[in-house]
Every structure is written in structure tokens, then in C-alpha cells.
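Next up, input_16.tsv (TSV, C-alpha atoms and all ligand atoms):
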chain	number	residue	atom	x	y	z
A	1486	MET	CA	-214.71	78.11	-36.62
A	1487	GLY	CA	-218.11	79.73	-36.06
A	1488	GLU	CA	-218.17	82.07	-33.06
A	1489	VAL	CA	-215.83	84.93	-32.19
A	1490	ASP	CA	-212.91	83.30	-30.47
A	1491	PRO	CA	-210.32	85.63	-28.93
A	1492	ALA	CA	-207.58	83.24	-30.08
A	1493	PHE	CA	-208.02	84.65	-33.61
A	1494	ILE	CA	-207.89	88.33	-32.71
A	1495	GLN	CA	-204.78	90.20	-33.83
A	1496	ASP	CA	-203.26	92.93	-31.69
A	1497	PRO	CA	-204.49	96.33	-32.95
A	1498	GLN	CA	-201.24	97.23	-34.71
A	1499	HIS	CA	-201.34	94.03	-36.76
A	1500	ARG	CA	-204.97	94.20	-37.85
A	1501	PRO	CA	-205.52	94.56	-41.58
A	1502	LYS	CA	-206.69	97.81	-43.07
A	1503	LEU	CA	-209.83	97.36	-45.08
A	1504	SER	CA	-208.65	99.86	-47.67
A	1505	ILE	CA	-206.49	97.68	-49.84
A	1506	ILE	CA	-203.45	98.80	-51.79
A	1507	GLN	CA	-203.14	96.73	-54.96
A	1508	ALA	CA	-199.50	96.07	-55.63
A	1509	GLU	CA	-198.17	97.88	-58.64
A	1510	GLY	CA	-194.79	96.64	-59.56
A	1511	ILE	CA	-194.51	93.13	-58.18
A	1512	PRO	CA	-192.62	91.79	-61.17
A	1513	ILE	CA	-194.24	89.26	-63.48
A	1514	ILE	CA	-191.46	87.25	-65.06
A	1515	ASP	CA	-191.90	85.20	-68.21
A	1516	LEU	CA	-189.95	81.95	-67.89
A	1517	SER	CA	-190.29	80.85	-71.51
A	1518	PRO	CA	-186.51	81.11	-72.15
A	1519	ILE	CA	-185.96	78.17	-69.83
A	1520	THR	CA	-189.19	76.23	-70.01
A	1521	ASN	CA	-188.42	72.72	-71.17
A	1522	HIS	CA	-184.71	73.47	-71.16
A	1523	THR	CA	-182.07	73.37	-68.52
A	1524	VAL	CA	-180.07	76.46	-67.75
A	1525	SER	CA	-177.05	75.09	-69.59
A	1526	ASP	CA	-175.95	78.16	-71.46
A	1527	PRO	CA	-175.90	81.15	-69.11
A	1528	SER	CA	-175.74	83.69	-71.95
A	1529	SER	CA	-179.14	82.65	-73.31
A	1530	VAL	CA	-180.79	83.48	-70.03
A	1531	GLU	CA	-178.93	86.64	-69.16
A	1532	GLY	CA	-181.97	88.92	-69.33
A	1533	LEU	CA	-184.03	86.55	-67.26
A	1534	VAL	CA	-181.33	86.26	-64.62
A	1535	LYS	CA	-181.19	90.05	-64.33
A	1536	GLU	CA	-184.96	90.25	-63.90
A	1537	ILE	CA	-184.92	87.58	-61.21
A	1538	GLY	CA	-182.03	89.26	-59.43
A	1539	SER	CA	-183.73	92.63	-59.23
A	1540	ALA	CA	-187.05	91.09	-58.21
A	1541	CYS	CA	-185.32	89.26	-55.35
A	1542	LYS	CA	-183.52	92.38	-54.28
A	1543	GLU	CA	-186.32	94.88	-54.58
A	1544	TRP	CA	-189.35	92.80	-53.62
A	1545	GLY	CA	-188.38	89.37	-52.35
A	1546	PHE	CA	-191.50	88.34	-54.30
A	1547	PHE	CA	-192.35	87.87	-57.97
A	1548	GLN	CA	-194.79	86.00	-60.18
A	1549	VAL	CA	-193.83	83.67	-62.99
A	1550	THR	CA	-195.67	82.73	-66.18
A	1551	ASN	CA	-194.80	80.10	-68.80
A	1552	HIS	CA	-193.37	78.11	-65.92
A	1553	GLY	CA	-193.89	74.65	-67.38
A	1554	VAL	CA	-196.29	73.26	-64.76
A	1555	PRO	CA	-199.26	71.89	-66.74
A	1556	LEU	CA	-202.45	73.84	-66.08
A	1557	SER	CA	-204.48	70.61	-66.09
A	1558	LEU	CA	-202.46	69.32	-63.16
A	1559	ARG	CA	-202.99	72.50	-61.21
A	1560	GLN	CA	-206.72	72.31	-61.88
A	1561	ARG	CA	-206.81	68.73	-60.67
A	1562	ILE	CA	-205.12	69.48	-57.37
A	1563	GLU	CA	-207.27	72.58	-56.83
A	1564	GLN	CA	-210.40	70.53	-57.40
A	1565	ALA	CA	-209.17	67.75	-55.11
A	1566	SER	CA	-208.43	70.33	-52.41
A	1567	ARG	CA	-211.98	71.71	-52.64
A	1568	LEU	CA	-213.44	68.23	-52.33
A	1569	PHE	CA	-211.25	67.35	-49.37
A	1570	PHE	CA	-212.11	70.47	-47.36
A	1571	ALA	CA	-215.82	70.23	-48.22
A	1572	GLN	CA	-216.04	67.12	-46.03
A	1573	SER	CA	-217.25	67.21	-42.43
A	1574	LEU	CA	-214.79	68.20	-39.74
A	1575	GLU	CA	-215.07	64.71	-38.31
A	1576	GLU	CA	-214.06	63.17	-41.61
A	1577	LYS	CA	-211.12	65.55	-42.09
A	1578	LYS	CA	-209.88	64.97	-38.55
A	1579	LYS	CA	-209.39	61.30	-39.34
A	1580	HIS	CA	-206.28	62.50	-41.19
A	1581	SER	CA	-205.07	64.86	-38.50
A	1582	ARG	CA	-201.56	66.01	-37.96
A	1583	ASP	CA	-200.14	64.88	-34.64
A	1584	GLU	CA	-196.94	65.38	-32.68
A	1585	SER	CA	-195.19	62.38	-34.25
A	1586	SER	CA	-195.82	63.22	-37.91
A	1587	THR	CA	-196.76	66.76	-38.77
A	1588	THR	CA	-198.54	65.97	-42.01
A	1589	GLY	CA	-202.23	65.84	-42.87
A	1590	TYR	CA	-205.14	67.95	-41.69
A	1591	TYR	CA	-204.85	70.76	-39.18
A	1592	ASP	CA	-207.11	73.70	-38.30
A	1593	THR	CA	-205.44	75.26	-35.28
A	1594	GLU	CA	-202.19	76.64	-36.61
A	1595	HIS	CA	-200.85	79.72	-34.85
A	1596	THR	CA	-198.60	82.32	-36.44
A	1597	LYS	CA	-196.80	84.50	-33.91
A	1598	ASN	CA	-199.08	83.05	-31.23
A	1599	VAL	CA	-202.36	84.16	-32.81
A	1600	ARG	CA	-204.59	81.55	-34.38
A	1601	ASP	CA	-204.92	81.64	-38.19
A	1602	TRP	CA	-208.35	81.68	-39.84
A	1603	LYS	CA	-207.69	78.65	-42.02
A	1604	GLU	CA	-207.46	74.91	-42.28
A	1605	VAL	CA	-204.60	73.08	-43.98
A	1606	PHE	CA	-203.56	69.72	-45.33
A	1607	ASP	CA	-199.80	69.07	-45.47
A	1608	PHE	CA	-198.15	66.48	-47.67
A	1609	LEU	CA	-194.42	65.69	-47.88
A	1610	ALA	CA	-192.49	65.66	-51.13
A	1611	LYS	CA	-190.48	62.65	-49.91
A	1612	ASP	CA	-192.08	59.82	-47.99
A	1613	PRO	CA	-190.51	59.15	-45.55
A	1614	THR	CA	-188.86	62.48	-44.71
A	1615	PHE	CA	-186.06	62.36	-42.15
A	1616	ILE	CA	-186.18	64.92	-39.40
A	1617	PRO	CA	-184.64	65.44	-35.93
A	1618	VAL	CA	-186.73	64.19	-33.01
A	1619	THR	CA	-186.34	67.44	-31.06
A	1620	SER	CA	-185.02	70.94	-31.62
A	1621	ASP	CA	-182.38	70.40	-28.92
A	1622	GLU	CA	-179.03	70.75	-30.70
A	1623	HIS	CA	-177.41	68.11	-28.46
A	1624	ASP	CA	-180.02	65.52	-29.36
A	1625	ASP	CA	-178.81	63.57	-32.44
A	1626	ARG	CA	-181.83	61.32	-32.79
A	1627	VAL	CA	-183.57	61.35	-36.15
A	1628	THR	CA	-187.09	60.18	-36.88
A	1629	SER	CA	-189.16	59.96	-40.04
A	1630	TRP	CA	-192.38	61.66	-41.00
A	1631	THR	CA	-194.76	59.97	-43.39
A	1632	ASN	CA	-197.78	61.01	-45.40
A	1633	PRO	CA	-201.40	60.28	-44.62
A	1634	SER	CA	-203.40	58.44	-47.28
A	1635	PRO	CA	-206.99	59.64	-47.34
A	1636	GLN	CA	-209.25	57.59	-49.58
A	1637	TYR	CA	-211.32	60.62	-50.53
A	1638	PRO	CA	-211.28	62.41	-52.92
A	1639	PRO	CA	-210.35	59.58	-55.31
A	1640	ASN	CA	-206.64	59.43	-56.20
A	1641	PHE	CA	-205.90	62.25	-53.78
A	1642	SER	CA	-202.33	61.14	-53.01
A	1643	ASP	CA	-201.50	60.41	-56.66
A	1644	ILE	CA	-202.70	63.83	-57.76
A	1645	ILE	CA	-200.69	65.56	-55.06
A	1646	GLN	CA	-197.56	63.55	-55.86
A	1647	GLU	CA	-197.80	64.28	-59.56
A	1648	TYR	CA	-198.22	67.95	-58.86
A	1649	ILE	CA	-195.27	68.00	-56.47
A	1650	GLU	CA	-193.03	66.47	-59.14
A	1651	GLU	CA	-193.80	69.35	-61.47
A	1652	VAL	CA	-193.44	72.20	-58.96
A	1653	GLU	CA	-190.23	70.62	-57.75
A	1654	LYS	CA	-188.80	70.80	-61.28
A	1655	LEU	CA	-189.80	74.44	-61.43
A	1656	SER	CA	-188.20	75.06	-58.04
A	1657	PHE	CA	-184.87	73.59	-59.17
A	1658	LYS	CA	-184.91	75.84	-62.24
A	1659	LEU	CA	-185.66	78.89	-60.13
A	1660	LEU	CA	-182.80	78.00	-57.80
A	1661	GLU	CA	-180.45	77.89	-60.78
A	1662	LEU	CA	-181.59	81.30	-61.93
A	1663	ILE	CA	-181.21	82.69	-58.43
A	1664	ALA	CA	-177.73	81.18	-58.13
A	1665	LEU	CA	-176.72	82.76	-61.45
A	1666	SER	CA	-178.14	86.10	-60.34
A	1667	LEU	CA	-175.83	85.98	-57.33
A	1668	GLY	CA	-172.85	85.25	-59.55
A	1669	LEU	CA	-172.70	81.59	-58.50
A	1670	GLU	CA	-172.50	78.34	-60.46
A	1671	PRO	CA	-176.06	77.45	-61.56
A	1672	LYS	CA	-176.05	74.20	-59.58
A	1673	ARG	CA	-174.52	75.73	-56.46
A	1674	PHE	CA	-177.59	75.04	-54.29
A	1675	GLU	CA	-178.47	71.65	-55.67
A	1676	GLU	CA	-176.41	69.59	-53.20
A	1677	PHE	CA	-178.59	70.77	-50.32
A	1678	PHE	CA	-181.71	69.28	-51.95
A	1679	MET	CA	-180.55	66.16	-53.76
A	1680	LYS	CA	-180.66	63.86	-50.78
A	1681	ASP	CA	-183.41	63.92	-48.17
A	1682	GLN	CA	-185.03	67.25	-48.92
A	1683	THR	CA	-187.74	68.21	-46.44
A	1684	SER	CA	-190.02	70.03	-48.89
A	1685	PHE	CA	-193.75	69.83	-48.47
A	1686	ILE	CA	-196.91	71.04	-50.07
A	1687	ARG	CA	-199.71	72.67	-48.16
A	1688	LEU	CA	-203.33	72.88	-49.23
A	1689	ASN	CA	-204.77	76.01	-47.60
A	1690	HIS	CA	-208.47	76.70	-47.19
A	1691	TYR	CA	-209.55	80.07	-45.84
A	1692	PRO	CA	-213.29	79.95	-45.01
A	1693	PRO	CA	-215.31	83.18	-45.02
A	1694	CYS	CA	-214.65	85.07	-41.80
A	1695	PRO	CA	-217.29	87.24	-40.04
A	1696	TYR	CA	-214.62	89.61	-38.68
A	1697	PRO	CA	-211.96	90.09	-41.39
A	1698	HIS	CA	-210.87	93.38	-39.77
A	1699	LEU	CA	-209.77	91.52	-36.61
A	1700	ALA	CA	-208.42	88.18	-37.80
A	1701	LEU	CA	-206.00	87.04	-40.50
A	1702	GLY	CA	-205.90	83.92	-42.65
A	1703	VAL	CA	-202.20	83.75	-41.90
A	1704	GLY	CA	-200.60	86.28	-39.60
A	1705	ARG	CA	-197.54	88.22	-40.70
A	1706	HIS	CA	-194.55	85.94	-41.13
A	1707	LYS	CA	-191.53	85.10	-43.25
A	1708	ASP	CA	-191.18	81.68	-44.81
A	1709	GLY	CA	-188.38	79.85	-43.03
A	1710	GLY	CA	-187.34	77.59	-45.93
A	1711	ALA	CA	-185.44	78.27	-49.14
A	1712	LEU	CA	-188.12	79.09	-51.71
A	1713	THR	CA	-191.93	79.11	-51.82
A	1714	VAL	CA	-193.89	78.42	-55.00
A	1715	LEU	CA	-197.50	79.45	-54.41
A	1716	ALA	CA	-200.64	78.89	-56.45
A	1717	GLN	CA	-203.43	81.22	-55.35
A	1718	ASP	CA	-206.98	81.19	-56.68
A	1719	GLU	CA	-208.82	84.21	-58.13
A	1720	VAL	CA	-210.12	85.53	-54.79
A	1721	GLY	CA	-207.01	87.36	-53.58
A	1722	GLY	CA	-205.89	88.08	-50.04
A	1723	LEU	CA	-202.12	87.65	-49.99
A	1724	GLU	CA	-200.38	90.82	-48.84
A	1725	VAL	CA	-196.68	91.55	-49.01
A	1726	LYS	CA	-194.79	94.13	-47.00
A	1727	ARG	CA	-193.39	96.38	-49.70
A	1728	LYS	CA	-189.71	96.99	-49.08
A	1729	ALA	CA	-189.79	100.51	-50.52
A	1730	ASP	CA	-192.16	101.94	-47.87
A	1731	GLN	CA	-193.15	99.08	-45.51
A	1732	GLU	CA	-196.81	99.26	-46.64
A	1733	TRP	CA	-198.88	96.10	-46.92
A	1734	VAL	CA	-199.78	95.60	-50.58
A	1735	ARG	CA	-201.95	92.96	-52.15
A	1736	VAL	CA	-200.67	90.52	-54.77
A	1737	LYS	CA	-203.29	90.58	-57.50
A	1738	PRO	CA	-204.14	87.09	-58.72
A	1739	THR	CA	-202.80	86.35	-62.20
A	1740	PRO	CA	-204.44	83.28	-63.75
A	1741	ASP	CA	-202.09	80.30	-63.99
A	1742	ALA	CA	-199.11	82.23	-62.62
A	1743	TYR	CA	-197.07	81.20	-59.59
A	1744	ILE	CA	-196.05	83.54	-56.84
A	1745	ILE	CA	-192.45	82.98	-55.80
A	1746	ASN	CA	-190.81	84.27	-52.68
A	1747	VAL	CA	-187.36	83.76	-51.25
A	1748	GLY	CA	-187.34	82.35	-47.75
A	1749	ASP	CA	-185.01	82.83	-44.82
A	1750	ILE	CA	-182.49	80.26	-46.06
A	1751	ILE	CA	-181.77	82.19	-49.26
A	1752	GLN	CA	-181.46	85.32	-47.18
A	1753	VAL	CA	-178.78	83.63	-45.07
A	1754	TRP	CA	-177.01	81.95	-48.02
A	1755	SER	CA	-176.85	85.30	-49.80
A	1756	ASN	CA	-175.68	87.07	-46.62
A	1757	ASP	CA	-178.66	89.45	-46.85
A	1758	ALA	CA	-178.28	90.30	-50.55
A	1759	TYR	CA	-181.80	88.89	-50.92
A	1760	GLU	CA	-184.19	89.32	-48.03
A	1761	SER	CA	-187.05	87.09	-47.05
A	1762	VAL	CA	-190.03	89.44	-47.00
A	1763	GLU	CA	-192.89	89.49	-44.54
A	1764	HIS	CA	-196.34	88.58	-45.83
A	1765	ARG	CA	-199.79	87.70	-44.50
A	1766	VAL	CA	-203.21	86.66	-45.73
A	1767	MET	CA	-206.40	88.69	-45.37
A	1768	VAL	CA	-209.71	86.89	-45.23
A	1769	ASN	CA	-213.10	88.23	-46.18
A	1770	SER	CA	-216.65	87.73	-44.99
A	1771	GLU	CA	-218.14	86.44	-48.24
A	1772	THR	CA	-215.83	84.24	-50.22
A	1773	GLU	CA	-213.73	81.26	-49.26
A	1774	ARG	CA	-210.23	81.17	-50.69
A	1775	PHE	CA	-207.85	78.36	-51.58
A	1776	SER	CA	-204.10	78.45	-52.06
A	1777	ILE	CA	-201.36	75.87	-52.48
A	1778	PRO	CA	-197.83	76.76	-51.42
A	1779	PHE	CA	-194.93	74.40	-52.10
A	1780	PHE	CA	-192.22	74.93	-49.51
A	1781	PHE	CA	-188.92	73.97	-51.10
A	1782	ASN	CA	-186.62	73.00	-48.26
A	1783	PRO	CA	-183.18	71.36	-48.02
A	1784	ALA	CA	-182.28	68.22	-46.10
A	1785	HIS	CA	-182.63	68.39	-42.34
A	1786	ASP	CA	-178.87	68.14	-41.82
A	1787	ALA	CA	-178.08	71.01	-44.20
A	1788	GLU	CA	-176.06	73.60	-42.37
A	1789	VAL	CA	-177.41	77.04	-43.21
A	1790	LYS	CA	-174.79	79.76	-43.35
A	1791	PRO	CA	-173.66	82.54	-45.68
A	1792	LEU	CA	-171.84	81.13	-48.71
A	1793	GLU	CA	-168.11	81.68	-48.73
A	1794	GLU	CA	-168.21	83.04	-52.29
A	1795	LEU	CA	-170.52	85.81	-51.13
A	1796	THR	CA	-168.57	86.94	-48.11
A	1797	ASN	CA	-165.20	88.59	-47.68
A	1798	GLU	CA	-163.44	91.01	-45.39
A	1799	GLN	CA	-165.60	93.93	-46.44
A	1800	ASN	CA	-168.72	91.82	-46.27
A	1801	PRO	CA	-168.25	89.40	-43.38
A	1802	MET	CA	-170.70	86.62	-42.51
A	1803	LYS	CA	-173.83	88.05	-40.97
A	1804	TYR	CA	-175.13	84.78	-39.52
A	1805	ARG	CA	-173.95	81.96	-37.32
A	1806	PRO	CA	-174.50	78.56	-38.94
A	1807	TYR	CA	-177.61	76.61	-37.96
A	1808	LYS	CA	-179.04	73.24	-38.85
A	1809	TRP	CA	-182.18	73.52	-40.96
A	1810	GLY	CA	-183.85	70.46	-39.38
A	1811	LYS	CA	-183.55	71.90	-35.88
A	1812	PHE	CA	-185.06	75.17	-37.05
A	1813	LEU	CA	-187.94	73.37	-38.74
A	1814	VAL	CA	-188.73	71.22	-35.72
A	1815	HIS	CA	-188.62	74.27	-33.48
A	1816	ARG	CA	-191.16	76.02	-35.72
A	1817	LYS	CA	-193.43	73.00	-35.81
A	1818	GLU	CA	-193.36	72.68	-32.03
A	1819	SER	CA	-194.38	76.29	-31.63
A	1820	ASN	CA	-197.13	76.05	-34.22
A	1821	PHE	CA	-198.88	73.50	-32.09
A	1822	LYS	CA	-199.74	75.77	-29.25
A	1823	LYS	CA	-200.00	79.33	-28.21
A	1824	GLN	CA	-196.83	80.27	-26.40
A	1825	ASN	CA	-195.72	83.33	-24.57
A	1826	VAL	CA	-192.39	83.70	-26.30
A	1827	GLU	CA	-191.61	84.52	-29.90
A	1828	ASN	CA	-191.04	81.46	-32.07
A	1829	ILE	CA	-187.73	80.86	-33.78
A	1830	GLN	CA	-186.61	83.25	-36.56
A	1831	ALA	CA	-183.51	83.37	-38.74
A	1832	TYR	CA	-182.46	86.68	-37.24
A	1833	HIS	CA	-181.84	84.90	-33.94
A	1834	TYR	CA	-178.68	83.62	-35.65
A	1835	LYS	CA	-177.62	87.06	-36.73
A	1836	ILE	CA	-174.14	88.10	-35.70
A	1837	ALA	CA	-174.62	91.42	-33.95
A	1901	LIG	C1	-198.00	80.45	-46.18
A	1901	LIG	C2	-198.49	81.64	-46.92
A	1901	LIG	C3	-200.03	82.57	-48.53
A	1901	LIG	C4	-201.36	82.31	-49.15
A	1901	LIG	O1	-198.78	79.47	-46.10
A	1901	LIG	O2	-196.86	80.50	-45.68
A	1901	LIG	O3	-197.86	82.65	-46.85
A	1901	LIG	O4	-201.72	83.08	-50.03
A	1901	LIG	N1	-199.61	81.52	-47.66
A	1901	LIG	O5	-202.03	81.35	-48.77
A	1902	NI	NI	-195.83	82.27	-46.14

Rewrite the coordinates I just gave you, this time as C-alpha cells.
Amino acid sequence: MGEVDPAFIQDPQHRPKLSIIQAEGIPIIDLSPITNHTVSDPSSVEGLVKEIGSACKEWGFFQVTNHGVPLSLRQRIEQASRLFFAQSLEEKKKHSRDESSTTGYYDTEHTKNVRDWKEVFDFLAKDPTFIPVTSDEHDDRVTSWTNPSPQYPPNFSDIIQEYIEEVEKLSFKLLELIALSLGLEPKRFEEFFMKDQTSFIRLNHYPPCPYPHLALGVGRHKDGGALTVLAQDEVGGLEVKRKADQEWVRVKPTPDAYIINVGDIIQVWSNDAYESVEHRVMVNSETERFSIPFFFNPAHDAEVKPLEELTNEQNPMKYRPYKWGKFLVHRKESNFKKQNVENIQAYHYKIA
């Protein structure tokens, strides 16, 4: 990633401003009322549910503390990620993502057809994960993706799996709180994830960039899945488009907190009550940055559409149903290469 490559250059209107606005007001929510408990008694978590509801409505983003994921586990995966990316490119490419299984190492991801200044390592929560062969809706063939198994750093796969187990528990709890905040049964969303979820974890490494005013670590985008649970290190760089005024604001790193954002699927389920908010990652010329998002996604055959309980005559369905797996495969296809058309977005299913 050494020399100036035009593939990384953002169009002028999407280039980051170097004067950064630190976000005031992205809610920090203390999850201690539910840590180590299930959300069995809704009245004991009423305050929490309200906080989550307004954070989803006003920001689409929030941070959580006292979330129950052991700090030691987070430190282990962060350390393993550093060791993995510190290897030579040749070594890392031995575990490359390819067209048949989009897991493992990858350094040429494009967001909105501009290359991101980053390298990633993707690892599935379920091995194998079942997924449609193509994004063609008439093609019923299903294939399976599997995980790579690098031998270095030691116990890499075990560490990642252990970590996934914990963030997955947190994700289920957050889903319950979100369901309650929408006036639904706490377990309303669970069925979509119990069998064959397509969640995955991504280790992100953003190397120092000699032209941080022209390139982005990840270009502006919305997460297509249900929920994202992100661990960022102390460097900072994540920017969120503030709903109140459409300004890009930076999410200040909070030690040991997780950044949560609702993805497109929750936007559709909630019939736009909660919106999936645009975000991006700025890079800088001095310091490398690491982050670890967990993308919590339903089974490939989950049909995504506004929930009946949340629609009525006054508030009719705003989206046509779509199959999550087809959407995911479409995104993955477009991430492989620079294309001249916009890649798939949830609003393409919007009923005009
Ligand atoms: C992503 C993402 C943010 C970050 O990978 O989808 O938004 O801080 N990452 O790395
Ligand atoms: Ni994202």
C-alpha cells in the first residue's frame, strides 16, 4: 500500500475534513442491569430499554459499558490481530479470501467503488455457514463458506472463536433490549438467528496513510446486517453522520466499551423507526489503528421485511421483502472489484 494509487482517492465531496468534530452526545449506556442475567423481567430493565430506544432513534449508534465480555478475551484477540497483520504480505496472502469462500485475509476491499485504506481478516461465527451461490433470486443453489485456519499466531482460531461466543451473547441481549424498546416480545428477533446465522467477525488493520485527506480507511457506508458490535482501539478514526445536522462526528474511544450500531435489517424490521446510520473511518499519517467489528446477521434464508406488529394502515410497510442471503452475496460480489454502478442498498427495496 505504499505509493499514491488513484484507486484510494475519494471524490472531493467525500474527502474527510481534517478539522475533527468530537461527538458530544453519542450515548454511553451502562448494561449492568442485564449483565449476567437474561431480560426475563421487563420492569427491571425499563430505564435501560428507554435509553436504548432513544439512542437508536436519535443516533443509530451508542456505546455500551459493563457489557459482560471479559476484558482479558478482548485483549487476547487484539494482540492476536496485531501479530497476524505484522506478518509479511506473502504470509498473510496464504490465507486469502477468494470467490468461493469470502473469509480470511483481504486488502483490496472497495466501499462505494473506492478502495479502502485497510487490510482485513474475516472469520465466520458458524463453520460452515450456508449461503446462496449467486445473488440471482431465481437461483436456489446454496453453498457453504468455511473458515481458514492459520497456524500463526498460536491458537488464533481458538481465540477468535472464544471471543465470538462472548460477543454473540452480548448481541442477543442487545436484540432483546431493542425488541422491548419497539414494544415487541423480547425474543421476537431470535428465530432469525437461531439456525444458520451468517454472522462474522472482522479484524481490521488501518496502516498509517501518507494522504489521510484524500483516502479513507472505510468509505461512507451503512452496515447491511442487523447489528454491529465494534471494538475500537485508543487511536480513534470512526466517524458517524450525526442525524441532527448531517455533520461527520468522531466517536471518541472509550476504554473497554463497545460501539453498537443498528444495521439496515433493523431499519427494515422497524419500518424506519430506527435508521441505519452512515459512518466511515478516517486514517492518519502516523499511527496504525485496529478495530474488530462483529456483524450480527440472520440466516441466509431470512426474509427481511417490516414486522407486522409495527405496521398498520396509518403506517404501511415501507419495504418490499428481500432475502438476506441474496443481499449479502450481492454485496460480497461488488466488494471484489471496482464497478461502475452503485452496489446494493436496503433502500432499493423501498416502496416509493
Ligand atoms: C466496518 C466499519 C468501523 C471501524 O467495518 O463496517 O464501519 O472503526 N468499521 O473500523
Ligand atoms: Ni460499518

Quick check, in Å to one decimal: how far apart do atom CA of Met1679 of chain A and atom CA of Pro1613 of chain A lie? 14.7 Å

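Relative to atom CA of Leu1699 of chain A, atom CA of Phe1493 of chain A is found at 7.7 Å.
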
Kindly list the centre and edge lengths in Å, rounded to one decimal, for the axis-aligned box that covers all listed atoms of segment 1610-1615 of chain A plus 8 Å on each of its six sides, as lines of an AutoDock Vina configuration file.
center_x = -189.3
center_y = 62.4
center_z = -46.6
size_x = 22.4
size_y = 22.5
size_z = 25.0

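If you count only C-alpha atoms and ignore residues fewer than 3 places along the chain from Phe1615 of chain A, what sits within 10 Å of it is Lys1611, Asp1612, Val1618, Val1627, Thr1628, Ser1629, Trp1630, Thr1631, Asp1681, Gln1682, Thr1683, Ala1784, His1785, Asp1786 and Gly1810 of chain A.
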
Skipping near chain neighbours, those fewer than 5 positions away, what residues fall within 9 Å of segment 1754-1769 of chain A using only C-alpha atoms, listed as a VMD selection string? chain A and resid 1501 1538 1541 to 1546 1602 1667 1691 to 1698 1700 to 1709 1721 to 1728 1733 1746 to 1749 1774 1789 to 1793 1795 to 1796 1800 to 1804

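For the pair atom CA of Ser1620 of chain A and atom CA of Tyr1807 of chain A, the separation is 11.3 Å.
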
Under the rule that all atoms listed in the file are counted, which of A:Phe1775, A:Glu1676, A:Thr1596, A:Gln1830 is the nearest residue to ligand NI 1902 (chain A)? A:Thr1596

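For the set A:Ala1837, A:Leu1655, A:Ile1750, A:Leu1688, the residue with the smallest atom-to-atom gap to ligand LIG 1901 (chain A) is A:Leu1688, counting only C-alpha atoms and all ligand atoms.
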
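The nearest approach to ligand LIG 1901 (chain A) among the residues A:Ile1663, A:Ile1616, A:Ile1494, A:Ile1745, with all atoms listed in the file taken into account, belongs to A:Ile1745.
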
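Closest approach to ligand LIG 1901 (chain A) among A:Leu1813, A:Ala1742, A:Ala1610, A:Val1605: A:Val1605, based on all atoms listed in the file.
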
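Considering the residues A:Leu1665, A:Ala1565, A:Ile1744, A:Ala1540 and counting all atoms listed in the file, ligand NI 1902 (chain A) has its shortest atom-to-atom contact with A:Ile1744.
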
Find the residues near Ser1684 of chain A: any atom within 8 Å, counting only C-alpha atoms, skip ones fewer than 2 places away on the same chain, and give them as an mmCIF file with C-alpha atoms, in the frame of the given file.
data_model
loop_
_atom_site.group_PDB
_atom_site.id
_atom_site.type_symbol
_atom_site.label_atom_id
_atom_site.label_comp_id
_atom_site.auth_asym_id
_atom_site.auth_seq_id
_atom_site.Cartn_x
_atom_site.Cartn_y
_atom_site.Cartn_z
ATOM 1 C CA LEU A 1609 -194.420 65.690 -47.880
ATOM 2 C CA ALA A 1610 -192.490 65.660 -51.130
ATOM 3 C CA LYS A 1611 -190.480 62.650 -49.910
ATOM 4 C CA GLN A 1682 -185.030 67.250 -48.920
ATOM 5 C CA ILE A 1686 -196.910 71.040 -50.070
ATOM 6 C CA PHE A 1779 -194.930 74.400 -52.100
ATOM 7 C CA PHE A 1780 -192.220 74.930 -49.510
ATOM 8 C CA PHE A 1781 -188.920 73.970 -51.100
ATOM 9 C CA ASN A 1782 -186.620 73.000 -48.260
ATOM 10 C CA PRO A 1783 -183.180 71.360 -48.020
#

Residue completion, segment 1760-1771 of chain A, N, CA, C and O atoms, as an mmCIF file, keeping the file's coordinate frame:
data_model
loop_
_atom_site.group_PDB
_atom_site.id
_atom_site.type_symbol
_atom_site.label_atom_id
_atom_site.label_comp_id
_atom_site.auth_asym_id
_atom_site.auth_seq_id
_atom_site.Cartn_x
_atom_site.Cartn_y
_atom_site.Cartn_z
ATOM 1 N N GLU A 1760 -183.511 89.466 -49.312
ATOM 2 C CA GLU A 1760 -184.190 89.320 -48.030
ATOM 3 C C GLU A 1760 -185.511 88.581 -48.158
ATOM 4 O O GLU A 1760 -186.249 88.761 -49.115
ATOM 5 N N SER A 1761 -185.777 87.790 -47.166
ATOM 6 C CA SER A 1761 -187.050 87.090 -47.050
ATOM 7 C C SER A 1761 -188.069 88.114 -46.536
ATOM 8 O O SER A 1761 -187.851 88.744 -45.502
ATOM 9 N N VAL A 1762 -189.138 88.324 -47.282
ATOM 10 C CA VAL A 1762 -190.030 89.440 -47.000
ATOM 11 C C VAL A 1762 -191.274 88.974 -46.249
ATOM 12 O O VAL A 1762 -191.814 87.905 -46.503
ATOM 13 N N GLU A 1763 -191.710 89.811 -45.331
ATOM 14 C CA GLU A 1763 -192.890 89.490 -44.540
ATOM 15 C C GLU A 1763 -194.151 89.516 -45.399
ATOM 16 O O GLU A 1763 -194.288 90.363 -46.278
ATOM 17 N N HIS A 1764 -195.057 88.597 -45.119
ATOM 18 C CA HIS A 1764 -196.340 88.580 -45.830
ATOM 19 C C HIS A 1764 -197.407 88.035 -44.906
ATOM 20 O O HIS A 1764 -197.107 87.522 -43.828
ATOM 21 N N ARG A 1765 -198.665 88.165 -45.314
ATOM 22 C CA ARG A 1765 -199.790 87.700 -44.500
ATOM 23 C C ARG A 1765 -200.979 87.488 -45.429
ATOM 24 O O ARG A 1765 -200.925 87.861 -46.615
ATOM 25 N N VAL A 1766 -202.039 86.921 -44.899
ATOM 26 C CA VAL A 1766 -203.210 86.660 -45.730
ATOM 27 C C VAL A 1766 -204.442 87.283 -45.087
ATOM 28 O O VAL A 1766 -204.751 87.003 -43.921
ATOM 29 N N MET A 1767 -205.116 88.142 -45.842
ATOM 30 C CA MET A 1767 -206.400 88.690 -45.370
ATOM 31 C C MET A 1767 -207.522 87.754 -45.757
ATOM 32 O O MET A 1767 -207.499 87.132 -46.813
ATOM 33 N N VAL A 1768 -208.524 87.678 -44.905
ATOM 34 C CA VAL A 1768 -209.710 86.890 -45.230
ATOM 35 C C VAL A 1768 -210.856 87.850 -45.493
ATOM 36 O O VAL A 1768 -210.721 89.052 -45.266
ATOM 37 N N ASN A 1769 -211.960 87.347 -45.976
ATOM 38 C CA ASN A 1769 -213.100 88.230 -46.180
ATOM 39 C C ASN A 1769 -214.380 87.512 -45.769
ATOM 40 O O ASN A 1769 -214.385 86.303 -45.569
ATOM 41 N N SER A 1770 -215.450 88.300 -45.614
ATOM 42 C CA SER A 1770 -216.650 87.730 -44.990
ATOM 43 C C SER A 1770 -217.533 86.973 -45.981
ATOM 44 O O SER A 1770 -218.457 86.293 -45.576
ATOM 45 N N GLU A 1771 -217.249 87.086 -47.277
ATOM 46 C CA GLU A 1771 -218.140 86.440 -48.240
ATOM 47 C C GLU A 1771 -217.586 85.183 -48.911
ATOM 48 O O GLU A 1771 -218.291 84.199 -49.082
#
